[in-house]
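> Quick one: this structure, given as structure tokens, is what I'll be asking you about.
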There are 2 protein chains.
Amino acid sequence: MKKIVILGSTGSIGTNTLDIVAKFPGQFQVVGLTAGTNDERLEEQLRVFKPAAVALSDPAAAARLRARCQEAGVEILPGPDGVAQVARWPGTDLVISAIVGGAGLVPTLAAIKAGTCVALANKEPMVMAGALMQEEARAHGVTILPVDSEHSAIFQSMKGHRREDVRRLILTASGGPLWELSRDQMRDVKPQQALQHPNWKMGAKITIDSATLMNKGLEVVEARWLFDIPPTQIEVLVHRESIIHSLVEYVDGSVLAQLGLPDMRTPISYAMNYPARLPLEPPPLDLARIGHLSFYEPDHVRFPCLGLGYEALRTGGTMPATLNAANEVAVAAYLEEKIGLLDIADVIRAAMNAHTPHEVRTLEDALEADRWAREKAGALVRAAARS
Amino acid sequence: MKKIVILGSTGSIGTNTLDIVAKFPGQFQVVGLTAGTNDERLEEQLRVFKPAAVALSDPAAAARLRARCQEAGVEILPGPDGVAQVARWPGTDLVISAIVGGAGLVPTLAAIKAGTCVALANKEPMVMAGALMQEEARAHGVTILPVDSEHSAIFQSMKGHRREDVRRLILTASGGPLWELSRDQMRDVKPQQALQHPNWKMGAKITIDSATLMNKGLEVVEARWLFDIPPTQIEVLVHRESIIHSLVEYVDGSVLAQLGLPDMRTPISYAMNYPARLPLEPPPLDLARIGHLSFYEPDHVRFPCLGLGYEALRTGGTMPATLNAANEVAVAAYLEEKIGLLDIADVIRAAMNAHTPHEVRTLEDALEADRWAREKAGALVRAAARS
């Protein structure tokens, strides 16, 4: 039995992971679960999966859970320290890192430093501190397996083939729910509309990132560190149907790709049981019924966030952490209808312009840039909201 | 330097192979070349690539070449025995098997029995005697690398992944030059029209096989033996643009595929230099410019040859060899305008109906079925030509 910890167990990736655990009894043992504030969902999960420990980063939520679950025989730990403690729980074989946003960095790094293999669904840690994450992974002999559908596709398309033969990584993007809109139409898009993703059912933050294409900008940064490929060899292709999840082109003109119906359980289960596949046996991919797949160049005018991702990566150092933090603040403000959709890119760009980048040598360097950018973006959001 | 022998060096695959040899000096040494009747082209090749031995299966052509090349310091061998002798030339690292049709079986098996790795572009040997070929390959520790673009795609999409996790092989078919025609329109199609393949530049026999979809029927049989996958797990998908060369679906819903612009040099070079890729550096695959890829179910009414391939495989034994030989005879008759396009399937079906299949235990079993079917198909062609 593979012993797993799920960081962010009450989110979309977390619940999908537990679905897979339930579907394959005897194969996985859940030793730890962590969440942010959702103590009710976490309680349901701990009663079914009986982990040794759980944590809630919100101490008040942890206190509530403790009050209700004294008899459950599970250690309930409060706050970010509690989350990190579960992340490095002794005897864990695999940590599924699925916390939304930059909050995933500290516990994911804690797991790596404990020498535990990580299935990474949370792209922000790689964006904030990719070089550091990989350095620690190497130092502790840890494999980082991608869970993001695009990166899982690239990982699968590189497996069995020589890294030195790779010419390009091609990340596909659905184009999101706003692909057909003009820039003027995008200005007035309400969160409700932007949250209607055409192909994938995901959490709110990542769905807005898909609508602005910032998700793809973050994925470019993530791919750079996951696969150690320079940004000049990473491209983005808009593919509306989200059937080809990404592609890898080799020096002989051969392109390997991973395809499938949009279902996060496929990449999650691949990382969970790597290198053997789990017989999920979903409906077969019927390309004749789908009929056709379409492809477009990304549009950098309507979707400036993608370019900001490349720009942050070229600048390097603390700039990607700045990009990420500013984006989180701007997306939260947009979801609260404090700013408009087009303001998101403006806030990020202004925060990046105001930032003086320096190297990320330590976790603290990344966290400091993150704090600085959140504060800056907060001020920019307030200014935008007033205007 | 990898020492290579090319069986069928004057054909489309053979000349492409020599182009690659010329493009990467110092990597390959041509030790042997064989052809059928084209002594002039073979002479040009031997003067450039200076092999130790060449053979022409047509003894008269061999005699002509000998008369012209006495000073060239190359052994010139006549007849099928000469071809087989070159196929098992001592010290050869790789035999590229690219003879058209069933004539490739004996020399390819000779290479395998000599313990030489084979890059198989010639699908008919696998169709005629797939089980035997694989048995001999196992016995002599020989790897058979596919060169056909579809099988290379499947091979590349399985490499790095577990065979036991495979759910389906999906061979793509362009649909060929006659895909848009009704059955009535197909009746009167002249060879000149049927030879206009929309995507691939190939020899005449395989281009007609593409027009009737028999090529795909033969490929299903080839895939069954190359990858040891039962026919119930092999499907055909019509994909007009020939960009996705084939796909492999796994039990978790993941589908790996190999894509590329239609260029035989990619799969040829992959087999030649396996597992490292050769930096052919062709133009990048620009899916945004291609715009869209389309997919259809195969049409068994207009293209009965595909179903005949499955049928021969299900029956097994000598039936695929019968199918193959009858097809060769019928295609040759069609190219000589002795029979119509729709007669091809009728001739094959009649030959299969008349055949009593038995097991292929030895090479002689396959060759005997081949001879029987050629004779039978010849008679059927003459009858069809008279009617």
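How things are named: the first chain in the structure tokens is A, the next is B, and so on; residues count from 1 in each chain; ligands count from 1 in the order shown.
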Can I get the residues of chain B within 7 Å of chain A, each with the closest pair of atoms and their distance in Å to one decimal, using only C-alpha atoms, sorted chain first then ascending number, as a tab-separated table?

```
residue	atom	partner	partner_atom	distance
B:Lys159	CA	A:Gly160	CA	5.2
B:Gly160	CA	A:Gly160	CA	3.7
B:Arg162	CA	A:Ala276	CA	6.9
B:Asp165	CA	A:Arg277	CA	6.3
B:Val251	CA	A:Pro279	CA	4.7
B:Asp252	CA	A:Leu280	CA	4.7
B:Gly253	CA	A:Pro282	CA	5.7
B:Ser254	CA	A:Gly260	CA	5.4
B:Val255	CA	A:Leu259	CA	4.8
B:Leu256	CA	A:Gln258	CA	4.5
B:Ala257	CA	A:Ala257	CA	5.2
B:Gln258	CA	A:Leu256	CA	4.5
B:Leu259	CA	A:Val255	CA	4.8
B:Gly260	CA	A:Ser254	CA	5.4
B:Thr266	CA	A:Asp252	CA	5.8
B:Ala276	CA	A:Arg162	CA	6.9
B:Arg277	CA	A:Asp252	CA	6.1
B:Leu278	CA	A:Asp252	CA	5.6
B:Pro279	CA	A:Val251	CA	4.7
B:Leu280	CA	A:Asp252	CA	4.7
B:Glu281	CA	A:Val251	CA	5.4
B:Pro282	CA	A:Gly253	CA	5.7
B:Pro284	CA	A:Gly253	CA	6.7
B:Leu287	CA	A:Phe295	CA	6.0
B:Ala288	CA	A:Tyr296	CA	4.4
B:Gly291	CA	A:Phe295	CA	5.1
B:His292	CA	A:Ser294	CA	4.2
B:Leu293	CA	A:Leu293	CA	5.2
B:Ser294	CA	A:His292	CA	4.2
B:Phe295	CA	A:Ala288	CA	4.7
B:Tyr296	CA	A:Ala288	CA	4.4
B:Glu297	CA	A:Ala288	CA	5.6
```
> Taking the backbone alone, and naming residues the way the document does, which bits of stretch 240-385 of chain A are strand (DSSP E or B) by DSSP, as JSON, numbers by chain?
{"A": [244, 245, 246, 247, 248, 249, 250, 255, 256, 257, 258, 259, 292, 293, 294, 295, 296]}
> Save the residues we just selected, N, CA, C and O atoms, as a short mmCIF file (atom, residue, chain, number, x, y, z; two decimals), in the first residue's frame?

```cif
data_model
loop_
_atom_site.label_atom_id
_atom_site.label_comp_id
_atom_site.auth_asym_id
_atom_site.auth_seq_id
_atom_site.Cartn_x
_atom_site.Cartn_y
_atom_site.Cartn_z
N ILE A 244 -5.93 17.34 -27.06
CA ILE A 244 -4.47 17.17 -27.00
C ILE A 244 -3.98 18.01 -25.82
O ILE A 244 -4.10 19.23 -25.83
N HIS A 245 -3.46 17.36 -24.80
CA HIS A 245 -3.17 18.07 -23.56
C HIS A 245 -1.83 18.80 -23.60
O HIS A 245 -1.61 19.71 -22.80
N SER A 246 -0.95 18.41 -24.46
CA SER A 246 0.30 19.10 -24.78
C SER A 246 1.14 18.21 -25.66
O SER A 246 0.81 17.03 -25.84
N LEU A 247 2.23 18.79 -26.23
CA LEU A 247 3.04 18.07 -27.20
C LEU A 247 4.53 18.34 -26.98
O LEU A 247 4.90 19.39 -26.45
N VAL A 248 5.35 17.40 -27.42
CA VAL A 248 6.80 17.57 -27.36
C VAL A 248 7.36 17.28 -28.75
O VAL A 248 7.13 16.20 -29.30
N GLU A 249 8.07 18.26 -29.31
CA GLU A 249 8.68 18.06 -30.63
C GLU A 249 10.15 17.70 -30.46
O GLU A 249 10.85 18.33 -29.68
N TYR A 250 10.60 16.71 -31.23
CA TYR A 250 11.99 16.25 -31.17
C TYR A 250 12.76 16.72 -32.41
O TYR A 250 12.16 17.17 -33.39
N VAL A 255 6.75 14.40 -33.24
CA VAL A 255 6.07 15.10 -32.16
C VAL A 255 5.29 14.07 -31.36
O VAL A 255 4.45 13.36 -31.92
N LEU A 256 5.60 13.96 -30.08
CA LEU A 256 4.83 13.06 -29.21
C LEU A 256 3.82 13.91 -28.45
O LEU A 256 4.12 15.04 -28.06
N ALA A 257 2.63 13.36 -28.28
CA ALA A 257 1.58 14.11 -27.59
C ALA A 257 0.77 13.17 -26.73
O ALA A 257 0.69 11.96 -27.00
N GLN A 258 0.17 13.74 -25.70
CA GLN A 258 -0.77 12.96 -24.89
C GLN A 258 -2.14 13.57 -25.08
O GLN A 258 -2.31 14.80 -25.04
N LEU A 259 -3.13 12.72 -25.32
CA LEU A 259 -4.49 13.15 -25.56
C LEU A 259 -5.42 12.46 -24.57
O LEU A 259 -5.05 11.49 -23.92
N HIS A 292 -13.43 16.96 -35.26
CA HIS A 292 -12.22 17.70 -35.60
C HIS A 292 -11.65 18.44 -34.40
O HIS A 292 -12.33 18.74 -33.44
N LEU A 293 -10.35 18.68 -34.50
CA LEU A 293 -9.61 19.41 -33.48
C LEU A 293 -9.10 20.70 -34.13
O LEU A 293 -8.63 20.67 -35.27
N SER A 294 -9.22 21.81 -33.42
CA SER A 294 -8.81 23.08 -34.03
C SER A 294 -7.68 23.74 -33.23
O SER A 294 -7.56 23.53 -32.03
N PHE A 295 -6.89 24.52 -33.94
CA PHE A 295 -5.68 25.11 -33.38
C PHE A 295 -5.53 26.57 -33.83
O PHE A 295 -5.82 26.89 -34.99
N TYR A 296 -5.07 27.39 -32.92
CA TYR A 296 -4.86 28.81 -33.21
C TYR A 296 -3.60 29.30 -32.50
O TYR A 296 -3.19 28.75 -31.49
#
```
> Enumerate, as a PyMOL selection string, the complete set of residues in stretch 83-150 of chain A that a backbone-based DSSP assignment places in alpha helix (DSSP H).
chain A and resi 83-87+105-113+124-139+149-150
> Could the residues in this selection be saved with N, CA and C atoms as a tab-separated table (two decimals), in the first residue's frame?

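Heads up, here's the output in result_13.tsv:
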```
chain	number	residue	atom	x	y	z
A	83	VAL	N	0.11	22.29	8.71
A	83	VAL	CA	0.08	21.80	7.32
A	83	VAL	C	1.45	21.26	6.93
A	84	ALA	N	2.50	22.01	7.27
A	84	ALA	CA	3.86	21.59	6.94
A	84	ALA	C	4.22	20.29	7.68
A	85	GLN	N	3.72	20.18	8.91
A	85	GLN	CA	4.01	18.97	9.69
A	85	GLN	C	3.38	17.74	9.03
A	86	VAL	N	2.16	17.88	8.55
A	86	VAL	CA	1.52	16.77	7.84
A	86	VAL	C	2.26	16.48	6.53
A	87	ALA	N	2.77	17.55	5.88
A	87	ALA	CA	3.48	17.38	4.60
A	87	ALA	C	4.73	16.52	4.77
A	105	LEU	N	3.71	26.56	-1.35
A	105	LEU	CA	5.18	26.50	-1.45
A	105	LEU	C	5.83	25.89	-0.20
A	106	VAL	N	5.51	26.43	0.97
A	106	VAL	CA	6.19	25.99	2.19
A	106	VAL	C	5.96	24.50	2.47
A	107	PRO	N	4.71	24.03	2.49
A	107	PRO	CA	4.54	22.61	2.78
A	107	PRO	C	5.10	21.70	1.69
A	108	THR	N	5.06	22.12	0.41
A	108	THR	CA	5.61	21.28	-0.66
A	108	THR	C	7.12	21.15	-0.50
A	109	LEU	N	7.75	22.25	-0.18
A	109	LEU	CA	9.19	22.21	0.05
A	109	LEU	C	9.52	21.38	1.30
A	110	ALA	N	8.63	21.44	2.29
A	110	ALA	CA	8.83	20.62	3.50
A	110	ALA	C	8.81	19.13	3.14
A	111	ALA	N	7.90	18.76	2.26
A	111	ALA	CA	7.82	17.35	1.83
A	111	ALA	C	9.09	16.95	1.10
A	112	ILE	N	9.55	17.83	0.21
A	112	ILE	CA	10.77	17.53	-0.56
A	112	ILE	C	11.96	17.37	0.38
A	113	LYS	N	12.06	18.27	1.35
A	113	LYS	CA	13.19	18.21	2.29
A	113	LYS	C	13.12	16.97	3.17
A	124	GLU	N	1.98	27.02	-8.46
A	124	GLU	CA	2.61	28.23	-7.94
A	124	GLU	C	3.96	28.00	-7.26
A	125	PRO	N	4.17	26.90	-6.51
A	125	PRO	CA	5.51	26.71	-5.93
A	125	PRO	C	6.62	26.73	-6.97
A	126	MET	N	6.39	26.08	-8.13
A	126	MET	CA	7.39	26.07	-9.20
A	126	MET	C	7.57	27.47	-9.79
A	127	VAL	N	6.48	28.23	-9.81
A	127	VAL	CA	6.57	29.58	-10.35
A	127	VAL	C	7.36	30.48	-9.38
A	128	MET	N	7.09	30.32	-8.11
A	128	MET	CA	7.73	31.18	-7.11
A	128	MET	C	9.19	30.83	-6.88
A	129	ALA	N	9.50	29.55	-6.92
A	129	ALA	CA	10.84	29.13	-6.51
A	129	ALA	C	11.25	27.85	-7.24
A	130	GLY	N	11.09	27.86	-8.58
A	130	GLY	CA	11.34	26.66	-9.36
A	130	GLY	C	12.76	26.12	-9.24
A	131	ALA	N	13.74	27.02	-9.35
A	131	ALA	CA	15.13	26.58	-9.30
A	131	ALA	C	15.44	25.98	-7.93
A	132	LEU	N	14.95	26.63	-6.89
A	132	LEU	CA	15.18	26.16	-5.52
A	132	LEU	C	14.51	24.81	-5.29
A	133	MET	N	13.26	24.68	-5.77
A	133	MET	CA	12.53	23.40	-5.62
A	133	MET	C	13.32	22.26	-6.27
A	134	GLN	N	13.81	22.50	-7.48
A	134	GLN	CA	14.53	21.43	-8.18
A	134	GLN	C	15.86	21.13	-7.51
A	135	GLU	N	16.49	22.17	-6.99
A	135	GLU	CA	17.77	21.98	-6.29
A	135	GLU	C	17.55	21.09	-5.05
A	136	GLU	N	16.50	21.40	-4.30
A	136	GLU	CA	16.22	20.60	-3.10
A	136	GLU	C	15.80	19.18	-3.49
A	137	ALA	N	15.03	19.07	-4.58
A	137	ALA	CA	14.61	17.74	-5.03
A	137	ALA	C	15.82	16.88	-5.38
A	138	ARG	N	16.78	17.49	-6.08
A	138	ARG	CA	18.00	16.76	-6.42
A	138	ARG	C	18.76	16.38	-5.16
A	139	ALA	N	18.89	17.35	-4.25
A	139	ALA	CA	19.67	17.11	-3.03
A	139	ALA	C	19.06	15.99	-2.19
A	149	SER	N	-2.65	18.83	-16.18
A	149	SER	CA	-2.85	17.98	-17.36
A	149	SER	C	-1.81	18.26	-18.44
A	150	GLU	N	-1.43	19.53	-18.61
A	150	GLU	CA	-0.45	19.87	-19.65
A	150	GLU	C	0.93	19.29	-19.32
```
> Let me make sure I understand: among A:Leu306, A:Val147, A:Val48, A:Ala35, which one has the smallest atom-to-atom distance to A:Ile99 if we use only C-alpha atoms?
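For A:Ile99, the nearest of the given residues is A:Ala35.
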> Any idea what's packed within 9 Å of stretch 9-16 of chain B, counting only C-alpha atoms, ignoring anything in its chain fewer than 2 positions away? Could you give it as a list in words?
Val5, Ile6, Leu7, Leu18, Asp19, Ile20, Val21, Leu33, Thr34, Ala35, Gly36, Asn38, Asp39, Arg41, Leu42, Gln45, Ile96, Ser97, Ala98, Ile99, Val100, Ala121, Lys201, Met202, Gly203, Met264, Arg265 and Ile268 of chain B
> Could you make a table, as a tab-separated table, of the residues of stretch 294-359 of chain B that have an atom within 12 Å of an atom of stretch 205-224 of chain B, each with its nearest atom pair and distance in Å to one decimal, counting only C-alpha atoms, in chain and number order?

```
residue	atom	partner	partner_atom	distance
B:Pro298	CA	B:Leu213	CA	9.1
B:Asp299	CA	B:Leu213	CA	9.6
B:His300	CA	B:Leu213	CA	9.4
B:Val301	CA	B:Thr212	CA	11.2
B:Arg302	CA	B:Thr212	CA	8.5
B:Phe303	CA	B:Thr212	CA	5.9
B:Pro304	CA	B:Thr212	CA	7.9
B:Cys305	CA	B:Met214	CA	4.8
B:Leu306	CA	B:Gly217	CA	4.3
B:Gly307	CA	B:Gly217	CA	6.9
B:Leu308	CA	B:Gly217	CA	6.9
B:Gly309	CA	B:Gly217	CA	4.1
B:Tyr310	CA	B:Gly217	CA	6.5
B:Glu311	CA	B:Gly217	CA	9.2
B:Ala312	CA	B:Val221	CA	8.3
B:Leu313	CA	B:Val221	CA	6.1
B:Arg314	CA	B:Val221	CA	9.5
B:Thr315	CA	B:Val221	CA	11.4
B:Gly316	CA	B:Val221	CA	9.7
B:Gly317	CA	B:Val221	CA	11.9
B:Met319	CA	B:Val221	CA	11.0
B:Pro320	CA	B:Val221	CA	7.7
B:Ala321	CA	B:Leu218	CA	10.2
B:Thr322	CA	B:Leu218	CA	11.7
B:Leu323	CA	B:Leu218	CA	8.8
B:Asn324	CA	B:Leu218	CA	7.6
B:Ala325	CA	B:Leu218	CA	11.4
B:Ala326	CA	B:Met214	CA	11.4
B:Asn327	CA	B:Met214	CA	8.1
B:Glu328	CA	B:Lys205	CA	7.8
B:Val329	CA	B:Lys205	CA	10.4
B:Ala330	CA	B:Lys205	CA	10.4
B:Val331	CA	B:Lys205	CA	6.8
B:Ala332	CA	B:Lys205	CA	7.6
B:Ala333	CA	B:Lys205	CA	11.0
B:Tyr334	CA	B:Ile208	CA	8.9
B:Leu335	CA	B:Ile208	CA	8.4
B:Glu336	CA	B:Lys205	CA	11.7
B:Gly340	CA	B:Thr212	CA	11.7
B:Leu341	CA	B:Thr212	CA	7.9
B:Leu342	CA	B:Thr212	CA	8.5
B:Asp343	CA	B:Thr212	CA	10.7
B:Ile344	CA	B:Thr212	CA	8.3
B:Ala345	CA	B:Thr212	CA	8.2
B:Asp346	CA	B:Thr212	CA	11.8
B:Ile348	CA	B:Met214	CA	10.3
```
> Report, in Å to a single decimal, how far apart atom CA of B:Thr143 and atom CA of B:Leu120 are.
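Taking atom CA of B:Leu120 as the start and atom CA of B:Thr143 as the end point, the length is 10.1 Å.
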> Rounded to one decimal in Å, what is the spacing between atom CA of B:Glu359 and atom CA of B:Val95?
27.5 Å
